[in-house]
>>> print(open('work_37.txt').read())   # compact mmCIF, C-alpha atoms
# COMPACT_ATOMS: atom_id res chain seq x y z
CA MET R 120 1.03 11.78 -27.48
CA ASP R 121 -1.60 9.76 -25.57
CA SER R 122 1.14 7.74 -23.90
CA TYR R 123 3.06 10.93 -23.11
CA LEU R 124 0.06 12.60 -21.46
CA LEU R 125 -0.75 9.40 -19.60
CA ASP R 126 2.75 9.40 -18.11
CA TRP R 127 2.23 12.99 -16.92
CA ALA R 128 -1.13 12.13 -15.37
CA ASN R 129 0.48 9.13 -13.68
CA LEU R 130 3.33 11.26 -12.29
CA LEU R 131 1.16 14.12 -11.04
CA LEU R 132 -1.40 11.82 -9.42
CA ARG R 133 1.37 9.86 -7.69
CA TRP R 134 2.89 13.12 -6.47
CA LEU R 135 -0.44 14.36 -5.12
CA HIS R 136 -1.15 10.99 -3.52
CA VAL R 137 2.20 10.94 -1.71
CA ILE R 138 1.87 14.57 -0.53
CA VAL R 139 -1.58 14.17 1.00
CA ALA R 140 -0.72 10.72 2.40
CA ILE R 141 2.28 12.22 4.20
CA ALA R 142 0.00 14.91 5.64
CA TRP R 143 -2.58 12.36 6.79
CA ILE R 144 -0.14 9.86 8.24
CA GLY R 145 1.91 12.63 9.85
CA ALA R 146 -1.14 14.08 11.59
CA SER R 147 -2.25 10.60 12.72
CA PHE R 148 1.17 9.71 14.10
CA TYR R 149 1.49 13.08 15.81
CA PHE R 150 -1.81 12.83 17.68
CA VAL R 151 -1.07 9.28 18.83
CA TRP R 152 2.31 10.51 20.07
CA LEU R 153 0.70 13.56 21.69
CA ASP R 154 -1.96 11.53 23.52
CA ASN R 155 0.72 9.29 24.97
CA HIS R 156 2.94 12.16 26.16
CA LEU R 157 0.38 14.42 27.82
CA VAL R 158 0.83 14.85 31.57
CA LYS R 159 -1.63 15.94 34.23
CA PRO R 160 -1.47 19.70 34.71
CA GLN R 161 -0.08 21.03 38.00
CA ALA R 162 -1.32 24.62 37.71
CA GLU R 163 -4.63 25.22 39.45
CA ASP R 164 -5.86 27.56 36.74
CA LEU R 165 -5.52 24.78 34.17
CA LYS R 166 -7.31 22.30 36.39
CA SER R 167 -10.13 24.75 36.96
CA LYS R 168 -10.58 25.16 33.21
CA GLY R 169 -10.96 21.41 32.75
CA VAL R 170 -7.55 20.71 31.20
CA ASP R 171 -6.87 16.99 31.57
CA GLY R 172 -3.40 16.86 30.00
CA GLU R 173 -0.75 19.19 28.66
CA LEU R 174 2.64 19.11 27.00
CA TRP R 175 5.43 21.63 26.57
CA ALA R 176 7.42 21.33 23.35
CA VAL R 177 9.89 23.44 21.42
CA HIS R 178 10.03 23.62 17.64
CA GLY R 179 11.23 26.14 15.10
CA GLY R 180 12.46 28.57 17.74
CA GLY R 181 9.13 28.71 19.58
CA PHE R 182 7.50 27.05 22.57
CA TYR R 183 4.23 25.17 22.22
CA ASN R 184 1.82 24.18 24.99
CA PRO R 185 -0.86 21.78 23.64
CA GLN R 186 -3.66 21.21 26.14
CA LYS R 187 -6.32 18.51 26.05
CA TYR R 188 -9.72 19.05 27.64
CA MET R 189 -11.49 15.97 28.90
CA VAL R 190 -14.79 17.27 27.54
CA ALA R 191 -14.42 20.79 26.14
CA PRO R 192 -13.47 24.29 27.30
CA ALA R 193 -16.22 26.27 29.00
CA ASN R 194 -16.38 28.66 26.06
CA LEU R 195 -16.27 26.53 22.95
CA PRO R 196 -14.31 28.37 20.19
CA GLN R 197 -16.22 29.24 17.05
CA HIS R 198 -13.36 28.27 14.77
CA LEU R 199 -12.03 24.74 15.09
CA HIS R 200 -9.46 23.01 12.91
CA TRP R 201 -10.57 19.67 11.53
CA PHE R 202 -8.18 16.97 10.33
CA TYR R 203 -10.09 15.16 7.64
CA TRP R 204 -9.32 16.58 4.21
CA GLU R 205 -5.92 14.90 4.34
CA SER R 206 -7.71 11.55 4.57
CA TYR R 207 -10.23 12.31 1.85
CA TRP R 208 -7.64 13.57 -0.63
CA THR R 209 -5.42 10.59 0.04
CA TRP R 210 -8.25 8.23 -0.88
CA MET R 211 -9.48 10.27 -3.85
CA SER R 212 -6.02 10.67 -5.38
CA GLY R 213 -5.24 6.99 -4.76
CA PHE R 214 -8.49 5.85 -6.34
CA ALA R 215 -7.91 8.12 -9.35
CA LEU R 216 -4.46 6.59 -9.81
CA PHE R 217 -5.90 3.09 -9.40
CA ALA R 218 -8.58 3.81 -12.00
CA LEU R 219 -6.12 5.38 -14.45
CA LEU R 220 -3.60 2.56 -14.34
CA TYR R 221 -5.54 -0.55 -13.39
CA LEU R 222 -9.27 -0.19 -14.03
CA PHE R 223 -8.87 1.42 -17.46
CA ASN R 224 -6.26 -1.20 -18.40
CA ALA R 225 -7.82 -4.23 -16.77
CA ASP R 226 -6.72 -6.66 -19.49
CA THR R 227 -3.10 -5.71 -18.88
CA TYR R 228 -2.89 -4.94 -15.17
CA LEU R 229 -5.75 -6.73 -13.40
CA ILE R 230 -5.98 -10.00 -15.27
CA ASP R 231 -3.50 -12.85 -15.34
CA LYS R 232 -5.22 -15.71 -17.16
CA ARG R 233 -2.92 -18.21 -15.49
CA VAL R 234 -4.36 -17.10 -12.13
CA PHE R 235 -8.01 -16.56 -13.09
CA ASP R 236 -9.47 -16.23 -16.56
CA TRP R 237 -12.26 -13.67 -16.59
CA SER R 238 -13.35 -10.65 -18.62
CA ALA R 239 -12.13 -7.11 -18.05
CA PRO R 240 -15.56 -5.81 -16.88
CA ALA R 241 -15.81 -8.66 -14.40
CA ALA R 242 -12.29 -8.00 -13.10
CA VAL R 243 -13.08 -4.30 -12.66
CA ALA R 244 -16.27 -5.15 -10.80
CA GLY R 245 -14.34 -7.59 -8.65
CA ALA R 246 -11.70 -5.00 -7.79
CA LEU R 247 -14.33 -2.44 -6.81
CA GLY R 248 -16.14 -5.16 -4.87
CA PHE R 249 -13.05 -5.69 -2.75
CA LEU R 250 -12.97 -2.01 -1.80
CA VAL R 251 -16.65 -1.83 -0.91
CA GLY R 252 -16.92 -5.31 0.55
CA GLY R 253 -13.84 -4.86 2.72
CA TRP R 254 -15.38 -1.80 4.36
CA LEU R 255 -18.77 -3.47 4.87
CA VAL R 256 -17.24 -6.55 6.51
CA TYR R 257 -14.96 -4.46 8.71
CA ASP R 258 -17.77 -2.11 9.75
CA GLN R 259 -20.04 -5.03 10.64
CA ILE R 260 -17.30 -6.58 12.77
CA CYS R 261 -16.97 -3.32 14.70
CA ARG R 262 -20.74 -2.91 15.03
CA ARG R 263 -21.51 -6.46 16.12
CA PHE R 264 -18.50 -7.38 18.22
CA GLY R 265 -17.11 -4.03 19.33
CA ARG R 266 -19.99 -2.77 21.47
CA LYS R 267 -21.55 -3.67 24.77
CA ALA R 268 -25.29 -3.95 25.29
CA ASP R 269 -25.46 -0.29 26.33
CA GLY R 270 -23.80 0.81 23.09
CA SER R 271 -20.41 1.64 24.60
CA ILE R 272 -17.16 0.22 23.26
CA GLY R 273 -16.22 -3.19 24.65
CA ASN R 274 -13.06 -5.27 24.49
CA ASP R 275 -11.34 -4.51 21.19
CA GLY R 276 -9.22 -7.67 21.25
CA VAL R 277 -11.93 -9.80 19.65
CA VAL R 278 -12.57 -7.10 17.05
CA LEU R 279 -8.91 -6.85 16.08
CA GLY R 280 -8.65 -10.63 15.84
CA LEU R 281 -11.64 -10.85 13.51
CA ILE R 282 -10.31 -7.97 11.41
CA ALA R 283 -6.98 -9.79 11.06
CA VAL R 284 -8.79 -12.95 9.87
CA ALA R 285 -10.82 -10.89 7.37
CA VAL R 286 -7.71 -9.19 5.98
CA VAL R 287 -5.85 -12.49 5.61
CA GLY R 288 -8.87 -13.97 3.83
CA ALA R 289 -9.07 -10.96 1.51
CA ALA R 290 -5.35 -11.18 0.70
CA TRP R 291 -5.71 -14.87 -0.16
CA ALA R 292 -8.81 -14.26 -2.29
CA ALA R 293 -7.24 -11.34 -4.16
CA CYS R 294 -4.21 -13.45 -5.05
CA GLN R 295 -6.53 -16.19 -6.43
CA LEU R 296 -8.40 -13.75 -8.67
CA PHE R 297 -6.05 -11.02 -9.85
CA ALA R 298 -2.56 -10.69 -11.26
CA GLY R 299 -0.08 -10.73 -8.39
CA ARG R 300 0.86 -7.07 -8.60
CA ALA R 301 -2.79 -6.01 -8.74
CA ALA R 302 -3.69 -8.34 -5.85
CA PHE R 303 -1.16 -6.64 -3.57
CA LEU R 304 -2.41 -3.19 -4.56
CA ILE R 305 -6.09 -4.11 -4.19
CA THR R 306 -5.52 -5.53 -0.71
CA GLY R 307 -3.74 -2.33 0.35
CA ALA R 308 -6.41 -0.18 -1.27
CA MET R 309 -9.13 -2.14 0.52
CA ILE R 310 -7.58 -1.40 3.92
CA ALA R 311 -6.99 2.24 2.92
CA THR R 312 -10.68 2.49 2.01
CA MET R 313 -11.59 1.18 5.46
CA MET R 314 -9.37 3.87 7.01
CA SER R 315 -10.83 6.75 5.04
CA ALA R 316 -14.38 5.46 5.52
CA ASN R 317 -13.75 5.44 9.27
CA VAL R 318 -12.99 9.14 9.08
CA PHE R 319 -15.96 9.91 6.81
CA PHE R 320 -18.67 7.79 8.47
CA TRP R 321 -17.64 7.70 12.12
CA ILE R 322 -14.85 9.94 13.37
CA ILE R 323 -15.86 13.30 11.87
CA PRO R 324 -19.67 12.85 12.19
CA GLY R 325 -19.21 11.85 15.83
CA GLN R 326 -17.09 14.90 16.56
CA LYS R 327 -19.58 17.18 14.82
CA GLN R 328 -22.44 15.69 16.83
CA VAL R 329 -20.58 16.29 20.09
CA ILE R 330 -19.92 19.92 19.16
CA ALA R 331 -23.51 20.47 18.04
CA ASP R 332 -24.77 19.08 21.37
CA MET R 333 -22.40 21.32 23.29
CA ARG R 334 -23.44 24.44 21.43
CA ALA R 335 -27.11 23.58 21.94
CA GLY R 336 -26.64 22.86 25.63
CA ARG R 337 -27.68 19.22 25.25
CA PRO R 338 -26.06 16.36 27.20
CA VAL R 339 -23.12 14.86 25.32
CA ASP R 340 -23.30 11.13 24.67
CA PRO R 341 -19.79 9.77 25.39
CA VAL R 342 -20.28 6.94 22.89
CA HIS R 343 -19.40 9.32 20.02
CA GLY R 344 -15.95 9.89 21.44
CA GLN R 345 -15.54 6.18 22.24
CA ARG R 346 -16.44 5.10 18.72
CA GLY R 347 -14.25 7.76 17.17
CA LYS R 348 -11.34 6.69 19.35
CA GLN R 349 -11.86 3.03 18.45
CA ARG R 350 -11.77 3.73 14.71
CA SER R 351 -8.81 6.10 15.09
CA VAL R 352 -6.82 3.40 16.88
CA HIS R 353 -7.68 0.93 14.12
CA ASN R 354 -6.46 3.42 11.52
CA THR R 355 -3.20 3.73 13.41
CA TYR R 356 -2.53 0.00 13.10
CA PHE R 357 -3.67 -0.11 9.46
CA THR R 358 -1.24 2.57 8.31
CA LEU R 359 2.03 0.67 7.94
CA PRO R 360 0.43 -2.52 6.53
CA VAL R 361 -1.16 -0.35 3.83
CA LEU R 362 2.16 1.31 3.03
CA ILE R 363 4.04 -1.98 2.69
CA ALA R 364 1.26 -3.46 0.54
CA MET R 365 1.44 -0.44 -1.78
CA LEU R 366 5.23 -0.49 -2.01
CA SER R 367 5.67 -4.25 -2.31
CA ASN R 368 3.64 -4.45 -5.52
CA HIS R 369 6.63 -2.88 -7.30
CA TYR R 370 8.80 -5.94 -6.62
CA GLY R 371 8.20 -9.00 -8.75
CA MET R 372 10.13 -11.26 -6.39
CA LEU R 373 7.26 -10.72 -3.91
CA TYR R 374 4.05 -10.78 -5.90
CA SER R 375 5.17 -13.43 -8.42
CA HIS R 376 5.84 -16.02 -5.72
CA ALA R 377 3.68 -19.15 -5.75
CA HIS R 378 2.43 -18.29 -2.25
CA ASN R 379 2.26 -14.54 -2.80
CA TRP R 380 -0.73 -14.12 -0.48
CA LEU R 381 1.34 -15.43 2.43
CA VAL R 382 4.21 -13.14 1.47
CA LEU R 383 1.83 -10.18 1.57
CA VAL R 384 0.35 -11.22 4.92
CA MET R 385 3.83 -11.55 6.45
CA LEU R 386 4.82 -8.12 5.14
CA MET R 387 1.66 -6.51 6.51
CA LEU R 388 2.22 -8.24 9.85
CA THR R 389 5.68 -6.69 10.10
CA GLY R 390 4.08 -3.29 9.47
CA ALA R 391 1.51 -3.82 12.23
CA LEU R 392 4.24 -4.94 14.65
CA VAL R 393 6.39 -1.90 13.89
CA ARG R 394 3.42 0.40 14.50
CA THR R 395 2.63 -1.42 17.75
CA TRP R 396 6.23 -0.90 18.84
CA PHE R 397 5.96 2.83 18.15
CA VAL R 398 2.74 3.14 20.16
CA LYS R 399 4.13 1.20 23.12
CA ARG R 400 7.37 3.15 23.01
CA HIS R 401 5.41 6.41 23.19
CA LYS R 402 3.71 5.05 26.29
CA GLY R 403 7.07 4.26 27.87
CA ILE R 404 6.60 0.49 27.59
CA ASP R 405 9.60 -1.72 26.83
CA ALA R 406 8.59 -3.33 23.55
CA TRP R 407 11.91 -4.32 21.98
CA PRO R 408 10.75 -7.95 21.56
CA LEU R 409 8.39 -6.64 18.88
CA LEU R 410 11.33 -5.37 16.83
CA VAL R 411 13.08 -8.71 17.32
CA ALA R 412 9.96 -10.39 15.93
CA VAL R 413 10.00 -8.01 12.95
CA VAL R 414 13.65 -8.79 12.18
CA MET R 415 12.98 -12.51 12.44
CA LEU R 416 9.95 -12.28 10.13
CA LEU R 417 11.92 -10.34 7.54
CA ALA R 418 14.84 -12.77 7.81
CA VAL R 419 12.48 -15.68 7.16
CA LEU R 420 11.00 -13.87 4.16
CA ILE R 421 14.38 -12.98 2.70
CA ALA R 422 15.64 -16.55 3.07
CA TRP R 423 12.41 -18.04 1.74
CA LEU R 424 12.28 -15.84 -1.38
CA ALA R 425 15.99 -16.04 -2.19
CA PRO R 426 16.53 -17.05 -5.84
CA GLN R 427 18.09 -20.41 -6.49
CA PRO R 428 21.01 -20.75 -8.94
CA ALA R 429 19.88 -21.86 -12.38
CA MET R 430 21.69 -25.12 -13.21
CA VAL R 431 19.38 -26.46 -15.91
CA PRO R 432 19.38 -25.86 -19.66
CA VAL R 433 17.75 -22.69 -20.90
CA THR R 434 14.90 -22.98 -23.37
CA MET R 435 15.42 -20.33 -25.99
CA VAL R 436 12.44 -19.28 -28.10
CA PRO R 437 13.20 -17.99 -31.59
CA PRO R 438 11.64 -14.67 -32.57
CA THR R 439 8.26 -15.22 -34.17
CA THR R 440 6.76 -11.80 -33.52
CA THR R 441 6.94 -8.70 -35.62
CA ALA R 442 6.33 -5.09 -34.75
CA GLY R 443 2.81 -4.71 -33.45
CA SER R 444 2.02 -8.43 -33.61
CA SER R 445 0.67 -10.55 -30.78
CA ALA R 446 2.99 -12.21 -28.31
CA THR R 447 2.57 -15.82 -29.41
CA PRO R 448 5.76 -17.76 -28.80
CA GLY R 449 6.92 -20.05 -31.56
CA PRO R 450 8.51 -23.49 -31.28
CA SER R 451 11.28 -23.67 -28.71
CA SER R 452 14.86 -24.86 -29.20
CA ALA R 453 16.98 -25.92 -26.25
CA ILE R 454 20.34 -24.21 -25.84
CA ALA R 455 22.37 -25.54 -22.94
CA LEU R 456 23.39 -22.66 -20.70
CA ASN R 457 24.51 -23.61 -17.23
CA GLU R 458 25.31 -21.12 -14.49
CA SER R 459 28.80 -20.35 -15.84
CA ALA R 460 28.04 -20.44 -19.56
CA GLU R 461 28.70 -17.34 -21.61
CA VAL R 462 25.59 -15.81 -23.14
CA SER R 463 25.94 -14.30 -26.59
CA PHE R 464 24.11 -11.21 -27.78
CA GLU R 465 22.23 -13.28 -30.35
CA GLN R 466 20.87 -15.47 -27.56
CA VAL R 467 19.84 -12.34 -25.66
CA ARG R 468 18.15 -10.95 -28.74
CA THR R 469 16.27 -14.24 -29.17
CA ILE R 470 14.89 -13.93 -25.64
CA VAL R 471 14.04 -10.24 -26.01
CA ASN R 472 12.32 -10.76 -29.36
CA ALA R 473 10.21 -13.59 -28.00
CA ARG R 474 9.38 -12.13 -24.58
CA CYS R 475 9.56 -8.34 -24.89
CA LEU R 476 9.12 -7.27 -28.51
CA ALA R 477 5.35 -7.64 -28.53
CA CYS R 478 5.07 -4.52 -26.35
CA HIS R 479 8.35 -2.72 -27.07
CA ASN R 480 8.44 -2.42 -30.86
CA ALA R 481 8.36 0.25 -33.54
CA ALA R 482 4.58 0.63 -33.27
CA LEU R 483 4.20 0.33 -29.49
CA ALA R 484 6.71 1.72 -27.00
CA PRO R 485 5.67 2.11 -23.34
CA LYS R 486 7.93 4.69 -21.67
CA ARG R 487 9.58 5.09 -25.12
CA ILE R 488 11.53 1.85 -24.75
CA GLN R 489 11.87 -0.13 -27.99
CA PHE R 490 13.75 -3.35 -28.80
CA HIS R 491 13.18 -3.88 -32.51
CA GLU R 492 16.78 -2.90 -33.36
CA PRO R 493 19.90 -4.55 -31.86
CA GLN R 494 21.38 -1.24 -30.68
CA MET R 495 18.19 -0.52 -28.75
CA ILE R 496 18.67 -3.67 -26.68
CA GLU R 497 22.21 -2.55 -25.87
CA GLN R 498 20.98 0.97 -25.07
CA HIS R 499 18.43 -0.31 -22.56
CA ALA R 500 20.52 -3.14 -21.11
CA ALA R 501 20.39 -1.66 -17.59
CA GLU R 502 16.60 -1.33 -17.70
CA ILE R 503 16.26 -4.91 -18.96
CA TYR R 504 18.45 -6.15 -16.12
CA GLN R 505 16.61 -4.19 -13.45
CA GLN R 506 13.06 -4.88 -14.63
CA VAL R 507 13.41 -8.44 -15.95
CA VAL R 508 16.15 -9.99 -13.82
CA VAL R 509 16.30 -8.13 -10.51
CA GLN R 510 12.72 -6.99 -9.87
CA LYS R 511 10.99 -9.45 -12.23
CA THR R 512 8.28 -6.90 -12.96
CA MET R 513 8.58 -7.44 -16.70
CA PRO R 514 7.10 -8.87 -18.82
CA LEU R 515 4.01 -7.51 -17.14
CA ASN R 516 2.18 -10.37 -15.42
CA ASN R 517 4.64 -12.55 -17.38
CA ALA R 518 2.18 -12.47 -20.27
CA THR R 519 4.79 -13.88 -22.68
CA GLY R 520 5.87 -16.71 -20.39
CA ILE R 521 9.51 -15.87 -19.80
CA THR R 522 11.28 -18.58 -17.81
CA ASP R 523 13.57 -18.25 -14.80
CA GLU R 524 16.39 -19.66 -16.91
CA GLU R 525 15.90 -16.95 -19.52
CA ARG R 526 15.97 -14.29 -16.82
CA ALA R 527 19.20 -15.80 -15.49
CA ALA R 528 20.70 -15.78 -19.00
CA LEU R 529 19.88 -12.07 -19.40
CA GLY R 530 21.49 -11.42 -16.01
CA ARG R 531 24.72 -13.20 -16.94
CA TRP R 532 24.87 -11.32 -20.24
CA PHE R 533 24.46 -7.95 -18.54
CA LYS R 534 27.08 -8.67 -15.88
CA ALA R 535 29.58 -9.85 -18.51
CA ARG R 536 29.23 -6.72 -20.70
>>> encode(input="work_37.txt", output="structure tokens")
Amino acid sequence: MDSYLLDWANLLLRWLHVIVAIAWIGASFYFVWLDNHLVKPQAEDLKSKGVDGELWAVHGGGFYNPQKYMVAPANLPQHLHWFYWESYWTWMSGFALFALLYLFNADTYLIDKRVFDWSAPAAVAGALGFLVGGWLVYDQICRRFGRKADGSIGNDGVVLGLIAVAVVGAAWAACQLFAGRAAFLITGAMIATMMSANVFFWIIPGQKQVIADMRAGRPVDPVHGQRGKQRSVHNTYFTLPVLIAMLSNHYGMLYSHAHNWLVLVMLMLTGALVRTWFVKRHKGIDAWPLLVAVVMLLAVLIAWLAPQPAMVPVTMVPPTTTAGSSATPGPSSAIALNESAEVSFEQVRTIVNARCLACHNAALAPKRIQFHEPQMIEQHAAEIYQQVVVQKTMPLNNATGITDEERAALGRWFKAR
């Protein structure tokens, strides 16, 4: 029952996280698009009211006329719509999901002793440290290198360069400390924390200060708008790298690579380039070379990560575990299986018993998948193929030490069924 309720909590939190993330990203993308499509008004009445840009659009059978005031309308409305709860709920739901799956199961999901051997409390503290530390480093970069002497926003090129170096360093460090899947997720969560913190600490407080000054008749300091704009632009470029980092941790071929940090950096770079292309396209700038660069980066990744045919003998480990026992492999026995060799069911069962039975047995059955009976292996053959051979997400963090040759043997068995 605990496992059943945990699955429901996992599903509902994922659903909430996706819903609010769509709302946040959609609003962010829309306003970037809107800013880049506004045109100077021609009507004198609009100019006299202080309208700096307008746009006519049609949607859902109606006409819309968004107008942007350079400062504010003469009569500031009492009721204003704020776009910030989408950001907050995205972070809160994502952190709840991260805590439920990773922090409360640190031994299983955060730690890979072959990468770094540390205790569960230390790993949890390290993961939280990445979230907090990432924001502090990023914020200090913006504070120290993103302002002129008078407090206004300076050249953002240096800031973006330093942020890129910090993110690459964090991706490398995460992959040296955590299990590969967790490292990808933590890096994405760190950037997402920076995005939401931008909204909470800078964008919304700055807007509220501007409005309070207007209502009180005080002079408005333009730095609030400049800082808010700077952080909003950063969030725009963070969005797609965060999404690819979150999605890529579901694919073992990516996070299990020996240079997984570089794989993650290349994936996030493609996301940043795609977002840059969108922004430039909205401005009417020819930016097709960016898409060419994206295709080339992905082609390099695909070629680099392509699996190599297994032409060496397969080491088969006889079953030494029983239901509920620990996953300690017994003595190995070599069974020659080249690329074209037929794999028997008994050989498959030997691999499954040694590599999978410790978690999928009569006493313990994540997602109700069990392998302690031969017919159960046959019943879940497709799941074994997808999770073990194609995606390489199982065994989790390869805790039982399955080899590439054993994965290949399972693949040949499934395809020959």
>>> atom_distance(input="work_37.txt", atom1="atom CA of Ile144 of chain R", atom2="atom CA of Phe320 of chain R")
18.6 Å
>>> closest_residue(input="work_37.txt", among="R:Ser463, R:Ser122, R:Asn317, R:Asn368", to="Ser351 of chain R", atoms="all atoms listed in the file")
R:Asn317
>>> residues_around(input="work_37.txt", residues="Ile310 of chain R", least_positions_apart="3", cutoff="8 Å", atoms="only C-alpha atoms", output="ChimeraX atom specification")
/R:250,253-254,306-307,313-314,357,361
>>> residues_around(input="work_37.txt", residues="Val139 of chain R", least_positions_apart="5", cutoff="8 Å", atoms="all atoms listed in the file", output="PyMOL selection string")
chain R and resi 205-206+208-209
>>> closest_residue(input="work_37.txt", among="R:Ile323, R:Ala215, R:Leu195, R:Met513", to="Ala128 of chain R", atoms="all atoms listed in the file")
R:Ala215
>>> atom_distance(input="work_37.txt", atom1="atom CA of Trp134 of chain R", atom2="atom CA of Arg394 of chain R")
24.5 Å
>>> residues_near_point(input="work_37.txt", point="(1.0, -20.7, 1.1)", cutoff="12 Å", atoms="all atoms listed in the file", output="VMD selection string")
chain R and resid 287 290 to 291 294 to 295 376 to 385 423
>>> closest_atom_pairs(input="work_37.txt", of="segment 257-355 of chain R", to="segment 220-242 of chain R", cutoff="9 Å", atoms="all atoms listed in the file", output="CSV")
residue,atom,partner,partner_atom,distance
R:Cys294,CA,R:Val234,CA,8.0
R:Gln295,CA,R:Val234,CA,6.2
R:Leu296,CA,R:Phe235,CA,5.3
R:Phe297,CA,R:Ile230,CA,5.5
R:Ala298,CA,R:Asp231,CA,4.7
R:Gly299,CA,R:Asp231,CA,8.0
R:Arg300,CA,R:Tyr228,CA,7.9
R:Ala301,CA,R:Leu229,CA,5.6
R:Ala302,CA,R:Leu229,CA,8.0
>>> atom_distance(input="work_37.txt", atom1="atom CA of Lys327 of chain R", atom2="atom CA of Gly169 of chain R")
20.3 Å
>>> residues_around(input="work_37.txt", residues="Leu132 of chain R", least_positions_apart="4", cutoff="12 Å", atoms="all atoms listed in the file", output="JSON, numbers by chain")
{"R": [125, 126, 127, 128, 136, 137, 138, 139, 140, 208, 209, 210, 211, 212, 213, 214, 215, 216, 217, 218, 219, 220]}
>>> axis_aligned_box(input="work_37.txt", around="segment 485-502 of chain R", padding_each_side="6 Å", output="lines of an AutoDock Vina configuration file")
center_x = 13.9
center_y = 0.3
center_z = -25.5
size_x = 28.5
size_y = 21.6
size_z = 27.8
>>> closest_residue(input="work_37.txt", among="R:Ala501, R:Val414, R:Val277, R:Leu255", to="Thr312 of chain R", atoms="only C-alpha atoms")
R:Leu255
>>> residues_near_point(input="work_37.txt", point="(-11.3, 9.1, 21.0)", cutoff="12 Å", atoms="only C-alpha atoms", output="MDAnalysis selection string")
chainID R and resid 150:151 154 187 189:190 272 321:323 325:326 329 341:353
>>> closest_residue(input="work_37.txt", among="R:Val462, R:Ala285, R:Ala176, R:Leu359", to="His156 of chain R", atoms="only C-alpha atoms")
R:Ala176
>>> residues_around(input="work_37.txt", residues="Tyr356 of chain R", least_positions_apart="6", cutoff="10 Å", atoms="all atoms listed in the file", output="MDAnalysis selection string")
chainID R and resid 279 314 390:395 398
>>> closest_residue(input="work_37.txt", among="R:Tyr207, R:Tyr504, R:Phe397, R:Phe464", to="Thr355 of chain R", atoms="only C-alpha atoms")
R:Phe397
>>> residues_around(input="work_37.txt", residues="Lys534 of chain R", least_positions_apart="5", cutoff="12 Å", atoms="all atoms listed in the file", output="PyMOL selection string")
chain R and resi 459+461-462+500-501+503-505+508+527-529
>>> write_last_selection(input="work_37.txt", atoms="C-alpha atoms", output="PDB file, in the coordinates of the input")
ATOM      1  CA  SER R 459      28.800 -20.350 -15.840  1.00  0.00           C
ATOM      2  CA  GLU R 461      28.700 -17.340 -21.610  1.00  0.00           C
ATOM      3  CA  VAL R 462      25.590 -15.810 -23.140  1.00  0.00           C
ATOM      4  CA  ALA R 500      20.520  -3.140 -21.110  1.00  0.00           C
ATOM      5  CA  ALA R 501      20.390  -1.660 -17.590  1.00  0.00           C
ATOM      6  CA  ILE R 503      16.260  -4.910 -18.960  1.00  0.00           C
ATOM      7  CA  TYR R 504      18.450  -6.150 -16.120  1.00  0.00           C
ATOM      8  CA  GLN R 505      16.610  -4.190 -13.450  1.00  0.00           C
ATOM      9  CA  VAL R 508      16.150  -9.990 -13.820  1.00  0.00           C
ATOM     10  CA  ALA R 527      19.200 -15.800 -15.490  1.00  0.00           C
ATOM     11  CA  ALA R 528      20.700 -15.780 -19.000  1.00  0.00           C
ATOM     12  CA  LEU R 529      19.880 -12.070 -19.400  1.00  0.00           C
TER      13      LEU R 529
END
>>> closest_residue(input="work_37.txt", among="R:Gln498, R:Thr358, R:Gln489, R:Asn472", to="Ile521 of chain R", atoms="all atoms listed in the file")
R:Asn472
>>> build_atoms(input="work_37.txt", residues="segment 337-343 of chain R", atoms="N, CA, C and O atoms", output="PDB file, in the coordinates of the input")
ATOM      1  N   ARG R 337     -27.149  20.550  25.019  1.00  0.00           N
ATOM      2  CA  ARG R 337     -27.680  19.220  25.250  1.00  0.00           C
ATOM      3  C   ARG R 337     -26.618  18.333  25.915  1.00  0.00           C
ATOM      4  O   ARG R 337     -25.416  18.563  25.749  1.00  0.00           O
ATOM      5  N   PRO R 338     -27.022  17.298  26.628  1.00  0.00           N
ATOM      6  CA  PRO R 338     -26.060  16.360  27.200  1.00  0.00           C
ATOM      7  C   PRO R 338     -25.266  15.676  26.090  1.00  0.00           C
ATOM      8  O   PRO R 338     -25.822  15.334  25.036  1.00  0.00           O
ATOM      9  N   VAL R 339     -23.986  15.483  26.321  1.00  0.00           N
ATOM     10  CA  VAL R 339     -23.120  14.860  25.320  1.00  0.00           C
ATOM     11  C   VAL R 339     -23.049  13.363  25.573  1.00  0.00           C
ATOM     12  O   VAL R 339     -22.720  12.919  26.675  1.00  0.00           O
ATOM     13  N   ASP R 340     -23.380  12.581  24.566  1.00  0.00           N
ATOM     14  CA  ASP R 340     -23.300  11.130  24.670  1.00  0.00           C
ATOM     15  C   ASP R 340     -21.834  10.720  24.490  1.00  0.00           C
ATOM     16  O   ASP R 340     -21.250  10.934  23.420  1.00  0.00           O
ATOM     17  N   PRO R 341     -21.206  10.121  25.499  1.00  0.00           N
ATOM     18  CA  PRO R 341     -19.790   9.770  25.390  1.00  0.00           C
ATOM     19  C   PRO R 341     -19.499   8.712  24.352  1.00  0.00           C
ATOM     20  O   PRO R 341     -18.343   8.520  23.971  1.00  0.00           O
ATOM     21  N   VAL R 342     -20.522   8.008  23.844  1.00  0.00           N
ATOM     22  CA  VAL R 342     -20.280   6.940  22.890  1.00  0.00           C
ATOM     23  C   VAL R 342     -19.671   7.481  21.600  1.00  0.00           C
ATOM     24  O   VAL R 342     -18.933   6.779  20.907  1.00  0.00           O
ATOM     25  N   HIS R 343     -19.975   8.750  21.247  1.00  0.00           N
ATOM     26  CA  HIS R 343     -19.400   9.320  20.020  1.00  0.00           C
ATOM     27  C   HIS R 343     -17.883   9.381  20.118  1.00  0.00           C
ATOM     28  O   HIS R 343     -17.168   9.030  19.177  1.00  0.00           O
TER      29      HIS R 343
END
